[in-house]
Amino acid sequence: MASDLNGFVKDAKALVGKEVDDVPAGTDLADWLTIRRFCAALGDPNTLYKDPGGGVATKYNSMIAPPTFVAAVRTPNSGGPYVNKQYGVSPFLTRGSFEWTDIIRVGDRLESTIKVTDVKEAGKRWGYESADVESSVEYRNSYGGLIGTGKGVNSMLAYERGKDMIESRDIYRYSDEEIHKIENDIEAEPEPRGKLLRYYDDVEVGEDLPQLVKGPLTLSDMMAWVVAEAKSLSLGALVYNDLKDKYPGRVVTNPTTNWPYWDADQSFEDILACEEMGFKSPPSRGIQRVCLAGQVVTHWMGDDAFLRSLDICVPEHWVYGDTMWLNGKVTGKRIEEVDSESYFAVDIAITGINQLGTTIAEGTATAYLPNPGHTVALPIPH
Amino acid sequence: MTTQEQSFEDAVAEFLEKSREELEKESGENRPPWSPSPFDQAGPPYEYSQRFTPDLVAKYALTIGDDNPLFTDPDHGKGTIYRSQVAPGPILALVKYPSPHGAVRPGGYPLANFISGAAWEFYDGVKVGSKFRASKVTKEIFEKPGSRGNLAFMISENQYWDYHGDLVGKCYGTQIYVPMREMGNSRAMDSSKLGQNMLYERKTSSYNSEQIGDILDQIQGLERRGADARYWEDVEVGEKLGPVVLPPWTLLDQVSYHSVSYATVSDQLAPGDELAFEPAYRRQRLNNSAWENPITRWKGAGAEHEDALLAIYRGQPGPFDFGVQRTQMCEQLFTNWMGDNGFIRRLQIALRKPVYYGDVTIYTGEVTKKFKEIQKGDSSNGGSPGDREYYAVGIKYQGVNQVGEAQVIGTGTVYLPSKEAGPVELPIPHPSKTNFVPYETFYRDWY
C-alpha cells in the first residue's frame with residue numbers, strides 16, 4: 001500500500017511523553033534459564049552469568065545476568081502508532097543505548113515501562129523517506145531499585161512492502177580462504193576475563209579489546225535471539241486473532257503462501273517471506289547487535305567491573321550469512337564523579353564490520369573498572 | 001572402525017546393534033543442563049529444569065495454539081475438577097522428549113530420524129506450581145520394510161513424577177529411523193549429494209481467496225465447551241469433534257515452541273545452551289556434525305527443520321515442523337469438546353506426513369465408543385489408592401492438510417462427568433508400578 005508517512009508522524013507525535021503498549025514485555029524474572037537463553041543467543045560463555053555456585057563467591061554474592069539482559073525485560077523499540085493501523089511504514093531499529101545503575105541478580109523480579117520520547121522526520125534512509133521514533137524504557141527490580149534505562153530509535157521507512165527492495169544483496173558465498181579466516185578468528189578469541197581483575201591503571205588509551213566474531217549468521221542465531229527477547233509467542237489461529245484485534249498495522253500478505261494475515265514482524269528471519277519486507281536474505285533484528293556489542297566490553301573487563309553505558313548505532317543490515325567482526329578500542333580514561341562516588345571510567349569505541357568491509361554496528365561504551373583500593377560501588381547513585 | 005573407513009551398511013548395522021544394547025536401560029537423553037547449573041544431575045528419575053508456574057503454563061499453551069482459560073487464566077481453573085490452573089497434559093513432553101533416539105556418536109549415523117508418535121496415559125492434571133522429574137527407558141526396537149529399505153522403530157516408556165512423588169503421566173514414544181545412503185557413513189551428508197533422493201516432493205502451497213475464506217470461517221467458528229459440563233449420558237457414538245484449524249504453518253510457529261524449550265535440557269554430547277555463534281560452532285566441530293550451508297558454505301549450527309536451505313539435508317523439500325510439537329497440539333480438539341470437567345485419560349498420536357511451511361491442518365474427530373472402566377490403585381510409594389469406575393468415551397481423530405494428506409491420526413479416551421456417578425475424580429487410581437503398553441497395543445484403536 002502507499003505510504004502515509006505524514007499521517008504516521010502526526011499520530012506518533014501525539015504519543016510523545018506517553019506510555020505505549022506496542023512493545024510487549026519480555027520476562028519479569030531473571031531466573032537461571034532465562035539468563036541462559038539470553039547468553040546463548042549472544043554466544044556468551046561467561047560463567048558469571050551461568051554458575052550459581054560460583055556466583056556466590058563473586059563480589060555480588062550471586063550469579064548475575066549480563067547487563068544487556070534488560071533487553072529480555074523489554075526491548076526499547078516502540079514504533080509508536082505503527083501497530084494500530086496500516087500506514088505503509090516499516091520499522092527498523094537503528095540505534096540502541098543503555099545506561100545502567102545496578103546489576104541484575106539471579107532471582108530478581110523485574111518491571112519495566114516504555115514511553116515514546118521523541119518523533120521526528122529523518123529524511124531518506126536506505127533510499128526511502130523515514131521518520132525516527134525514539135522510545136525509552138525504565139527497568140526496575142521489584143524492590144523499586146533502578147537497574148537502568150534503555151533508549152531506542154526505530155527508523156520508520158516509507159516504502160511499498162512486497163514491491164520495493166531495501167537490500168537486494170544475495171546471501172553471501174564464502175571462499176575457502178574466507179572460511180579459514182573466520183575459523184581462525186573464532187579460535188583466537190580468548191576466554192572471558194573472569195575473576196582476574198582488570199585495574200583502571202592497567203588500561204591504556206589506544207588499547208584494543210579482544211575481537212569477537214559473530215557469524216556467518218545462521219537461522220539458529222536469529223531464532224535464539226527471538227527466544228532471548230522472552231516475549232510470549234503464540235501459534236496458529238492465535239496469531240490471526242492478535243493481528244486482527246491488537247496489531248492491525250502489522251498485517252501483510254505472505255509472498256509464498258498468499259496468506260493475508262501474515263505478521264510483518266515475522267518477515268525477519270524468514271527466508272520465504274523476507275522479500276515482502278524488501279530483503280533477499282533474512283535480516284536480523286538490530287537490538288541483537290546492540291547487545292552483542294555489550295559482550296565485547298563484558299568479555300574484556302572482568303567480573304568486578306561494571307558496564308555503565310552502551311550506545312550503538314546499526315547503520316546497515318546484518319543479514320543471513322553475513323559475518324560480523326566486533327572490535328573495541330579504549331578511547332579515553334577519566335575519573336567520573338557521580339554524586340559522592342568516584343568511578344574509574346574507561347571509554348571504548350566499538351565497531352562491527354561485515355565480510356564486505358561495511359560497518360554494521362558502531363558506537364561507544366563506558367565501563368567502570370576497579371583500581372587498587374577502589375571497588376566499583378553499586379548501585380551507582382542516581 | 002573409524003567412520004572414514006566404514007561402509008553405509010556397516011554404519012547402519014552398528015547403529016542398530018548399539019541401539020539394541022540400550023534396551024531396558026535408562027536413556028541418556030534430556031538430562032538436566034550440565035553443570036554449572038542449579039539442577040540435580042543424579043537420577044533416574046532426572047530433574048527437569050522448569051517449574052510449571054502459572055506464567056509458564058499460560059505461555060506454553062499459547063505455543064501450541066490453545067488459549068483455553070483453563071490453561072491461561074490462574075482463576076478459571078479453581079471451579080473445575082482440578083481446583084487450579086492446569087497445563088495441557090502433553091506439556092510433559094518438555095520434561096522428557098517422548099521417544100528415544102538410539103545410539104549416538106560424534107558425526108552420527110546415516111539415518112534420518114523422525115518422531116512418529118506419542119501415546120500418553122494421564123493420571124492427574126498437571127497443576128501450576130508443580131515441578132517434575134522423569135525417566136525414559138528404551139523398550140522396543142524392531143524393523144519394518146519400507147520403500148527405502150528397512151525402517152527401524154524405537155519405542156520408549158517415559159514416566160513423569162512430580163516432586164510430591166506422584167506419577168502424573170506416562171508416555172510411550174515412537175521414533176522411526178530411515179536409512180539414507182546419500183549420507184554415506186555419518187549424519188552429515190556431503191552437500192554434493194543433496195536432493196538426490198528426497199523423502200517427499202511437494203511445493204509450498206499458495207492459497208486463493210476462496211480457500212482463505214474457508215480457513216477464516218473455520219477459525220472463527222471454533223467452539224469451546226468451557227464450564228458447561230458435557231455429561232457422559234448425553235454423548236452418542238458418532239458425535240463429531242472440531243474442527244480445530246491451524247492456518248498456514250510458519251517459522252514463528254516453530255520458534256514459539258523453542259521459546260519454552262530452548263536450553264532446558266542437555267543432550268548426550270552437549271550441555272544444552274550452545275545455540276548460537278561461537279559455542280554453537282564449537283559444538284558442531286567437536287561432534288563432527290556440522291552441515292555445510294549450500295549457499296554460504298559455512299558449517300555451522302544446523303536448523304534442518306526451520307531453514308529452507310537446510311531442510312534438504314533431511315530429505316525434505318522445505319521447512320518442516322517438529323513432530324514433537326505436533327504431538328502436543330491435538331489435545332485442544334479434545335479439551336474444546338469435553339469442557340473443563342472432562343479428563344483426557346489416554347491420548348495416542350500417530351504422525352504421518354510432515355507439516356511443511358504453509359500447510360494448513362484441520363483437526364476433526366468422532367466419538368467411536370462409550371464404555372465404563374474400573375481403575376484400581378494402591379498406596380505404595382508412587383501409587384494412588386482406590387477402586388473407582390469411570391465413564392469413558394473413545395474418540396478417533398485426524399489432522400488433515402490442504403491437499404488431503406493425513407498429518408496426524410490417533411485415538412483418545414476421555415473420562416466425562418456422569419449424571420448418575422458425579423464428577424471425574426482425580427487422581428486416577430493406579431499402582432506404583434504400572435504396566436508398559438507395547439506398540440502393537442497402542443498404535444491402533446487404543447481406548
# chains A, B, ... in the order shown; residues from 1 in each chain; ligands from 1

call {"tool": "interface_residues", "arguments": {"of": "chain A", "to": "chain B", "cutoff": "6 Å", "atoms": "only C-alpha atoms", "output": "PDB file with N, CA and C atoms, in the first residue's frame"}}
result
ATOM      1  N   ALA A  40      22.883 -17.538  25.578  1.00  0.00           N
ATOM      2  CA  ALA A  40      23.020 -18.461  24.457  1.00  0.00           C
ATOM      3  C   ALA A  40      22.808 -17.747  23.132  1.00  0.00           C
ATOM      4  N   ALA A  41      21.900 -16.791  23.122  1.00  0.00           N
ATOM      5  CA  ALA A  41      21.616 -16.069  21.882  1.00  0.00           C
ATOM      6  C   ALA A  41      22.739 -15.124  21.497  1.00  0.00           C
ATOM      7  N   GLY A  43      25.909 -16.040  22.284  1.00  0.00           N
ATOM      8  CA  GLY A  43      27.109 -16.866  22.272  1.00  0.00           C
ATOM      9  C   GLY A  43      28.064 -16.450  23.371  1.00  0.00           C
ATOM     10  N   ASP A  51      27.018 -19.710  36.400  1.00  0.00           N
ATOM     11  CA  ASP A  51      27.363 -20.594  37.515  1.00  0.00           C
ATOM     12  C   ASP A  51      26.764 -20.070  38.823  1.00  0.00           C
ATOM     13  N   TYR A 172      25.556 -14.275   1.030  1.00  0.00           N
ATOM     14  CA  TYR A 172      26.984 -14.274   0.683  1.00  0.00           C
ATOM     15  C   TYR A 172      27.549 -15.697   0.635  1.00  0.00           C
ATOM     16  N   ARG A 173      28.391 -15.927  -0.376  1.00  0.00           N
ATOM     17  CA  ARG A 173      29.056 -17.224  -0.505  1.00  0.00           C
ATOM     18  C   ARG A 173      30.541 -17.030  -0.218  1.00  0.00           C
ATOM     19  N   TYR A 174      31.056 -17.793   0.732  1.00  0.00           N
ATOM     20  CA  TYR A 174      32.437 -17.604   1.189  1.00  0.00           C
ATOM     21  C   TYR A 174      33.397 -18.501   0.419  1.00  0.00           C
ATOM     22  N   LYS A 214      31.140 -12.932  15.094  1.00  0.00           N
ATOM     23  CA  LYS A 214      29.751 -13.401  15.132  1.00  0.00           C
ATOM     24  C   LYS A 214      29.303 -13.738  13.713  1.00  0.00           C
ATOM     25  N   SER A 220      19.726 -20.326  13.105  1.00  0.00           N
ATOM     26  CA  SER A 220      19.793 -20.688  14.529  1.00  0.00           C
ATOM     27  C   SER A 220      20.139 -19.471  15.380  1.00  0.00           C
ATOM     28  N   ASP A 221      21.104 -18.673  14.910  1.00  0.00           N
ATOM     29  CA  ASP A 221      21.494 -17.471  15.651  1.00  0.00           C
ATOM     30  C   ASP A 221      20.299 -16.516  15.788  1.00  0.00           C
ATOM     31  N   VAL A 227      13.992 -15.943  20.889  1.00  0.00           N
ATOM     32  CA  VAL A 227      13.709 -16.584  22.180  1.00  0.00           C
ATOM     33  C   VAL A 227      14.286 -15.747  23.319  1.00  0.00           C
ATOM     34  N   SER A 232       6.129 -13.536  24.896  1.00  0.00           N
ATOM     35  CA  SER A 232       5.221 -14.655  24.683  1.00  0.00           C
ATOM     36  C   SER A 232       4.935 -14.778  23.191  1.00  0.00           C
ATOM     37  N   LEU A 233       5.074 -15.987  22.668  1.00  0.00           N
ATOM     38  CA  LEU A 233       4.861 -16.210  21.239  1.00  0.00           C
ATOM     39  C   LEU A 233       3.687 -17.158  21.051  1.00  0.00           C
ATOM     40  N   SER A 234       2.743 -16.730  20.259  1.00  0.00           N
ATOM     41  CA  SER A 234       1.569 -17.554  20.003  1.00  0.00           C
ATOM     42  C   SER A 234       1.721 -18.294  18.693  1.00  0.00           C
ATOM     43  N   LEU A 235       0.812 -19.244  18.504  1.00  0.00           N
ATOM     44  CA  LEU A 235       0.883 -20.101  17.324  1.00  0.00           C
ATOM     45  C   LEU A 235      -0.486 -20.144  16.651  1.00  0.00           C
ATOM     46  N   GLY A 236      -0.432 -20.333  15.338  1.00  0.00           N
ATOM     47  CA  GLY A 236      -1.619 -20.659  14.567  1.00  0.00           C
ATOM     48  C   GLY A 236      -2.678 -19.584  14.575  1.00  0.00           C
ATOM     49  N   ALA A 237      -3.902 -19.989  14.872  1.00  0.00           N
ATOM     50  CA  ALA A 237      -5.027 -19.063  14.806  1.00  0.00           C
ATOM     51  C   ALA A 237      -4.902 -17.939  15.822  1.00  0.00           C
ATOM     52  N   THR A 257       2.885 -18.037   0.542  1.00  0.00           N
ATOM     53  CA  THR A 257       1.616 -18.760   0.712  1.00  0.00           C
ATOM     54  C   THR A 257       0.396 -17.934   0.319  1.00  0.00           C
ATOM     55  N   ASN A 258       0.590 -16.621   0.181  1.00  0.00           N
ATOM     56  CA  ASN A 258      -0.517 -15.692  -0.108  1.00  0.00           C
ATOM     57  C   ASN A 258      -1.481 -15.555   1.073  1.00  0.00           C
TER      58      ASN A 258
END

call {"tool": "residues_around", "arguments": {"residues": "Ala361 (chain A)", "least_positions_apart": "2", "cutoff": "10 Å", "atoms": "only C-alpha atoms", "output": "compact mmCIF listing (two decimals) with N, CA, C and O atoms, in the first residue's frame"}}
result
# COMPACT_ATOMS: atom_id res chain seq x y z
N THR A 94 17.52 1.27 14.58
CA THR A 94 18.81 1.71 14.06
C THR A 94 19.74 2.24 15.14
O THR A 94 20.89 2.55 14.86
N ARG A 95 19.24 2.35 16.34
CA ARG A 95 20.12 2.77 17.45
C ARG A 95 19.55 2.26 18.75
O ARG A 95 18.35 2.33 18.98
N GLY A 286 17.93 -5.44 14.90
CA GLY A 286 19.03 -4.55 15.27
C GLY A 286 19.42 -4.64 16.73
O GLY A 286 20.60 -4.51 17.08
N ARG A 289 22.34 -6.88 17.71
CA ARG A 289 23.70 -6.36 17.52
C ARG A 289 24.10 -5.43 18.66
O ARG A 289 25.25 -5.40 19.09
N VAL A 290 23.16 -4.64 19.15
CA VAL A 290 23.46 -3.74 20.27
C VAL A 290 23.95 -4.57 21.46
O VAL A 290 24.95 -4.25 22.10
N LEU A 292 25.15 -7.64 21.40
CA LEU A 292 26.43 -8.29 21.10
C LEU A 292 27.59 -7.33 21.33
O LEU A 292 28.66 -7.73 21.79
N ALA A 293 27.37 -6.07 21.02
CA ALA A 293 28.42 -5.07 21.27
C ALA A 293 28.72 -4.98 22.75
O ALA A 293 29.87 -4.75 23.16
N ILE A 312 24.89 2.18 20.71
CA ILE A 312 25.29 1.54 19.45
C ILE A 312 24.30 1.87 18.34
O ILE A 312 23.08 1.71 18.49
N CYS A 313 24.84 2.32 17.22
CA CYS A 313 24.03 2.50 16.01
C CYS A 313 24.23 1.29 15.10
O CYS A 313 25.32 0.70 15.06
N VAL A 314 23.20 0.94 14.39
CA VAL A 314 23.31 -0.16 13.42
C VAL A 314 22.91 0.40 12.05
O VAL A 314 21.76 0.28 11.62
N PRO A 315 23.89 1.02 11.38
CA PRO A 315 23.56 1.81 10.19
C PRO A 315 23.22 0.98 8.95
O PRO A 315 22.57 1.49 8.04
N GLU A 316 23.67 -0.26 8.91
CA GLU A 316 23.36 -1.13 7.76
C GLU A 316 22.86 -2.47 8.29
O GLU A 316 22.95 -2.75 9.48
N HIS A 317 22.41 -3.30 7.39
CA HIS A 317 21.75 -4.55 7.81
C HIS A 317 22.75 -5.68 8.00
O HIS A 317 23.79 -5.74 7.35
N TRP A 318 22.39 -6.57 8.89
CA TRP A 318 23.14 -7.79 9.13
C TRP A 318 22.21 -8.93 8.73
O TRP A 318 21.25 -9.22 9.44
N MET A 324 30.04 -10.81 11.29
CA MET A 324 30.36 -9.52 11.91
C MET A 324 31.58 -9.68 12.81
O MET A 324 31.58 -10.50 13.72
N TRP A 325 32.62 -8.88 12.53
CA TRP A 325 33.79 -8.84 13.40
C TRP A 325 33.61 -7.64 14.33
O TRP A 325 33.54 -6.49 13.87
N LEU A 326 33.51 -7.92 15.61
CA LEU A 326 33.30 -6.86 16.60
C LEU A 326 34.63 -6.51 17.25
O LEU A 326 35.35 -7.40 17.74
N ILE A 350 33.38 1.02 19.77
CA ILE A 350 33.08 -0.34 19.29
C ILE A 350 32.65 -0.27 17.83
O ILE A 350 31.88 0.62 17.44
N THR A 351 33.17 -1.20 17.06
CA THR A 351 32.73 -1.29 15.66
C THR A 351 32.39 -2.74 15.33
O THR A 351 33.00 -3.67 15.86
N GLY A 352 31.43 -2.89 14.44
CA GLY A 352 31.11 -4.19 13.88
C GLY A 352 31.17 -4.09 12.37
O GLY A 352 30.44 -3.29 11.76
N ILE A 353 32.08 -4.85 11.78
CA ILE A 353 32.32 -4.77 10.33
C ILE A 353 31.95 -6.12 9.72
O ILE A 353 32.31 -7.17 10.26
N ASN A 354 31.28 -6.10 8.57
CA ASN A 354 30.95 -7.37 7.94
C ASN A 354 32.01 -7.79 6.92
O ASN A 354 33.03 -7.10 6.73
N THR A 358 31.73 -3.43 5.35
CA THR A 358 30.69 -2.45 5.68
C THR A 358 30.52 -2.38 7.20
O THR A 358 30.48 -3.41 7.87
N THR A 359 30.40 -1.18 7.70
CA THR A 359 30.15 -1.00 9.13
C THR A 359 28.67 -1.27 9.41
O THR A 359 27.79 -0.58 8.88
N GLY A 363 29.62 2.43 17.81
CA GLY A 363 29.16 3.23 18.94
C GLY A 363 30.18 3.26 20.04
O GLY A 363 31.39 3.02 19.82

call {"tool": "select_by_dssp", "arguments": {"residues": "region 198-437 of chain B", "states": "strand (DSSP E or B)", "output": "PyMOL selection string"}}
result
chain B and resi 240-246+266-267+270+291-292+299-300+320+343-351+356+361-377+384+386-401+406-415+418+422+430

call {"tool": "closest_residue", "arguments": {"among": "B:Gly383, B:Gly394, B:Pro100, B:Pro106", "to": "Ser186 (chain B)", "atoms": "only C-alpha atoms"}}
result
B:Pro106

call {"tool": "residues_around", "arguments": {"residues": "region 161-171 of chain A", "least_positions_apart": "3", "cutoff": "8 Å", "atoms": "only C-alpha atoms", "output": "ChimeraX atom specification"}}
result
/A:1,88,126-127,255,275-281,319-322 /B:295-296

call {"tool": "write_last_selection", "arguments": {"atoms": "C-alpha atoms", "output": "short mmCIF file (atom, residue, chain, number, x, y, z; two decimals), in the first residue's frame"}}
result
data_model
loop_
_atom_site.label_atom_id
_atom_site.label_comp_id
_atom_site.auth_asym_id
_atom_site.auth_seq_id
_atom_site.Cartn_x
_atom_site.Cartn_y
_atom_site.Cartn_z
CA MET A 1 0.00 0.00 0.00
CA GLY A 88 2.58 1.85 4.88
CA TRP A 126 18.36 3.45 2.55
CA GLY A 127 16.70 5.45 -0.24
CA PRO A 255 4.56 -13.75 -0.51
CA GLU A 275 11.14 -10.46 0.20
CA GLU A 276 7.89 -8.97 1.45
CA MET A 277 9.90 -6.62 3.68
CA GLY A 278 12.40 -5.77 0.97
CA PHE A 279 15.18 -8.29 1.52
CA LYS A 280 16.59 -11.16 -0.49
CA SER A 281 18.06 -12.76 2.58
CA VAL A 319 21.57 -10.49 7.02
CA TYR A 320 21.62 -14.28 6.95
CA GLY A 321 25.09 -15.47 6.02
CA ASP A 322 26.90 -12.25 6.94
CA ILE B 295 24.99 -21.17 -0.27
CA THR B 296 27.32 -19.71 2.37
#

call {"tool": "atom_distance", "arguments": {"atom1": "CA of Ser191 (chain B)", "atom2": "CA of Ala270 (chain B)"}}
result
24.7 Å

call {"tool": "residues_around", "arguments": {"residues": "Gly422 (chain B)", "least_positions_apart": "5", "cutoff": "10 Å", "atoms": "only C-alpha atoms", "output": "ChimeraX atom specification"}}
result
/B:231,390-391,416-417

call {"tool": "residues_around", "arguments": {"residues": "His76 (chain B)", "least_positions_apart": "4", "cutoff": "7 Å", "atoms": "only C-alpha atoms", "output": "list in words"}}
result
Pro69, Leu70 and Gln85 of chain B

call {"tool": "closest_residue", "arguments": {"among": "A:Met222, A:Leu33, A:Cys291, A:Leu238", "to": "Pro76 (chain A)", "atoms": "only C-alpha atoms"}}
result
A:Cys291

call {"tool": "closest_residue", "arguments": {"among": "B:Val237, B:Pro243, B:Leu351, B:Glu440", "to": "Gln328 (chain B)", "atoms": "only C-alpha atoms"}}
result
B:Leu351

call {"tool": "residues_around", "arguments": {"residues": "Ile114 (chain A)", "least_positions_apart": "2", "cutoff": "9 Å", "atoms": "only C-alpha atoms", "output": "PyMOL selection string"}}
result
chain A and resi 18-21+23+74-78+112+116+135-138

call {"tool": "write_last_selection", "arguments": {"atoms": "N, CA and C atoms", "output": "PDB file, in the first residue's frame"}}
result
ATOM      1  N   LYS A  18       4.077   9.697  26.372  1.00  0.00           N
ATOM      2  CA  LYS A  18       3.088   8.758  26.903  1.00  0.00           C
ATOM      3  C   LYS A  18       3.619   7.330  26.937  1.00  0.00           C
ATOM      4  N   GLU A  19       3.096   6.568  27.878  1.00  0.00           N
ATOM      5  CA  GLU A  19       3.377   5.127  27.885  1.00  0.00           C
ATOM      6  C   GLU A  19       2.653   4.474  26.724  1.00  0.00           C
ATOM      7  N   VAL A  20       3.288   3.502  26.113  1.00  0.00           N
ATOM      8  CA  VAL A  20       2.679   2.831  24.965  1.00  0.00           C
ATOM      9  C   VAL A  20       2.689   1.312  25.220  1.00  0.00           C
ATOM     10  N   ASP A  21       1.876   0.610  24.445  1.00  0.00           N
ATOM     11  CA  ASP A  21       1.773  -0.832  24.668  1.00  0.00           C
ATOM     12  C   ASP A  21       2.069  -1.650  23.413  1.00  0.00           C
ATOM     13  N   VAL A  23       5.028  -2.565  22.453  1.00  0.00           N
ATOM     14  CA  VAL A  23       6.162  -3.465  22.697  1.00  0.00           C
ATOM     15  C   VAL A  23       5.844  -4.323  23.915  1.00  0.00           C
ATOM     16  N   ARG A  74      12.360  -5.813  28.338  1.00  0.00           N
ATOM     17  CA  ARG A  74      11.582  -5.135  27.303  1.00  0.00           C
ATOM     18  C   ARG A  74      12.550  -4.476  26.330  1.00  0.00           C
ATOM     19  N   THR A  75      12.309  -4.683  25.060  1.00  0.00           N
ATOM     20  CA  THR A  75      13.175  -4.063  24.058  1.00  0.00           C
ATOM     21  C   THR A  75      12.750  -2.602  23.869  1.00  0.00           C
ATOM     22  N   PRO A  76      13.723  -1.679  23.778  1.00  0.00           N
ATOM     23  CA  PRO A  76      13.376  -0.261  23.656  1.00  0.00           C
ATOM     24  C   PRO A  76      13.125   0.117  22.191  1.00  0.00           C
ATOM     25  N   ASN A  77      12.081  -0.415  21.630  1.00  0.00           N
ATOM     26  CA  ASN A  77      11.871  -0.180  20.204  1.00  0.00           C
ATOM     27  C   ASN A  77      10.411   0.042  19.852  1.00  0.00           C
ATOM     28  N   SER A  78       9.817   1.023  20.511  1.00  0.00           N
ATOM     29  CA  SER A  78       8.434   1.345  20.145  1.00  0.00           C
ATOM     30  C   SER A  78       8.387   1.900  18.725  1.00  0.00           C
ATOM     31  N   SER A 112       9.140  -2.994  34.012  1.00  0.00           N
ATOM     32  CA  SER A 112       9.566  -2.021  33.002  1.00  0.00           C
ATOM     33  C   SER A 112       8.367  -1.233  32.501  1.00  0.00           C
ATOM     34  N   VAL A 116       7.158   6.729  24.513  1.00  0.00           N
ATOM     35  CA  VAL A 116       7.682   7.409  23.324  1.00  0.00           C
ATOM     36  C   VAL A 116       8.242   8.747  23.786  1.00  0.00           C
ATOM     37  N   SER A 135      12.137   5.875  21.747  1.00  0.00           N
ATOM     38  CA  SER A 135      11.407   5.438  22.944  1.00  0.00           C
ATOM     39  C   SER A 135      12.391   5.151  24.062  1.00  0.00           C
ATOM     40  N   SER A 136      11.875   5.167  25.257  1.00  0.00           N
ATOM     41  CA  SER A 136      12.727   4.982  26.429  1.00  0.00           C
ATOM     42  C   SER A 136      12.057   3.980  27.381  1.00  0.00           C
ATOM     43  N   VAL A 137      12.866   3.083  27.914  1.00  0.00           N
ATOM     44  CA  VAL A 137      12.368   2.082  28.859  1.00  0.00           C
ATOM     45  C   VAL A 137      13.099   2.254  30.183  1.00  0.00           C
ATOM     46  N   GLU A 138      12.354   2.189  31.237  1.00  0.00           N
ATOM     47  CA  GLU A 138      12.960   2.220  32.571  1.00  0.00           C
ATOM     48  C   GLU A 138      12.846   0.825  33.167  1.00  0.00           C
TER      49      GLU A 138
END

call {"tool": "residues_around", "arguments": {"residues": "Thr80 (chain B)", "least_positions_apart": "5", "cutoff": "12 Å", "atoms": "only C-alpha atoms", "output": "VMD selection string"}}
result
chain B and resid 69 to 71 74 to 75 85 to 86 125 226 to 229 339 to 343 417 423 to 426

call {"tool": "write_last_selection", "arguments": {"atoms": "C-alpha atoms", "output": "tab-separated table (two decimals), in the first residue's frame"}}
result
chain	number	residue	atom	x	y	z
B	69	PRO	CA	-8.67	-20.10	30.03
B	70	LEU	CA	-8.33	-23.43	31.81
B	71	PHE	CA	-4.65	-23.12	30.88
B	74	PRO	CA	-4.99	-18.52	37.06
B	75	ASP	CA	-8.52	-18.11	38.42
B	85	GLN	CA	-4.97	-23.62	36.70
B	86	VAL	CA	-3.58	-26.65	34.88
B	125	GLY	CA	-3.92	-32.85	35.86
B	226	GLY	CA	-15.71	-24.49	28.83
B	227	ALA	CA	-17.52	-24.70	32.16
B	228	ASP	CA	-20.69	-26.19	30.64
B	229	ALA	CA	-20.35	-29.83	31.71
B	339	GLY	CA	-15.17	-28.99	28.63
B	340	ASP	CA	-13.30	-28.04	31.75
B	341	ASN	CA	-14.50	-31.03	33.76
B	342	GLY	CA	-13.58	-33.79	31.37
B	343	PHE	CA	-10.25	-35.56	31.62
B	417	PRO	CA	-18.72	-36.38	34.38
B	423	PRO	CA	-17.71	-35.68	38.56
B	424	VAL	CA	-14.49	-37.26	37.35
B	425	GLU	CA	-12.48	-37.94	40.48
B	426	LEU	CA	-8.75	-37.32	40.33

call {"tool": "closest_residue", "arguments": {"among": "A:Asp347, A:Asp176, A:Asp118, A:Asp245", "to": "Val203 (chain A)", "atoms": "only C-alpha atoms"}}
result
A:Asp347
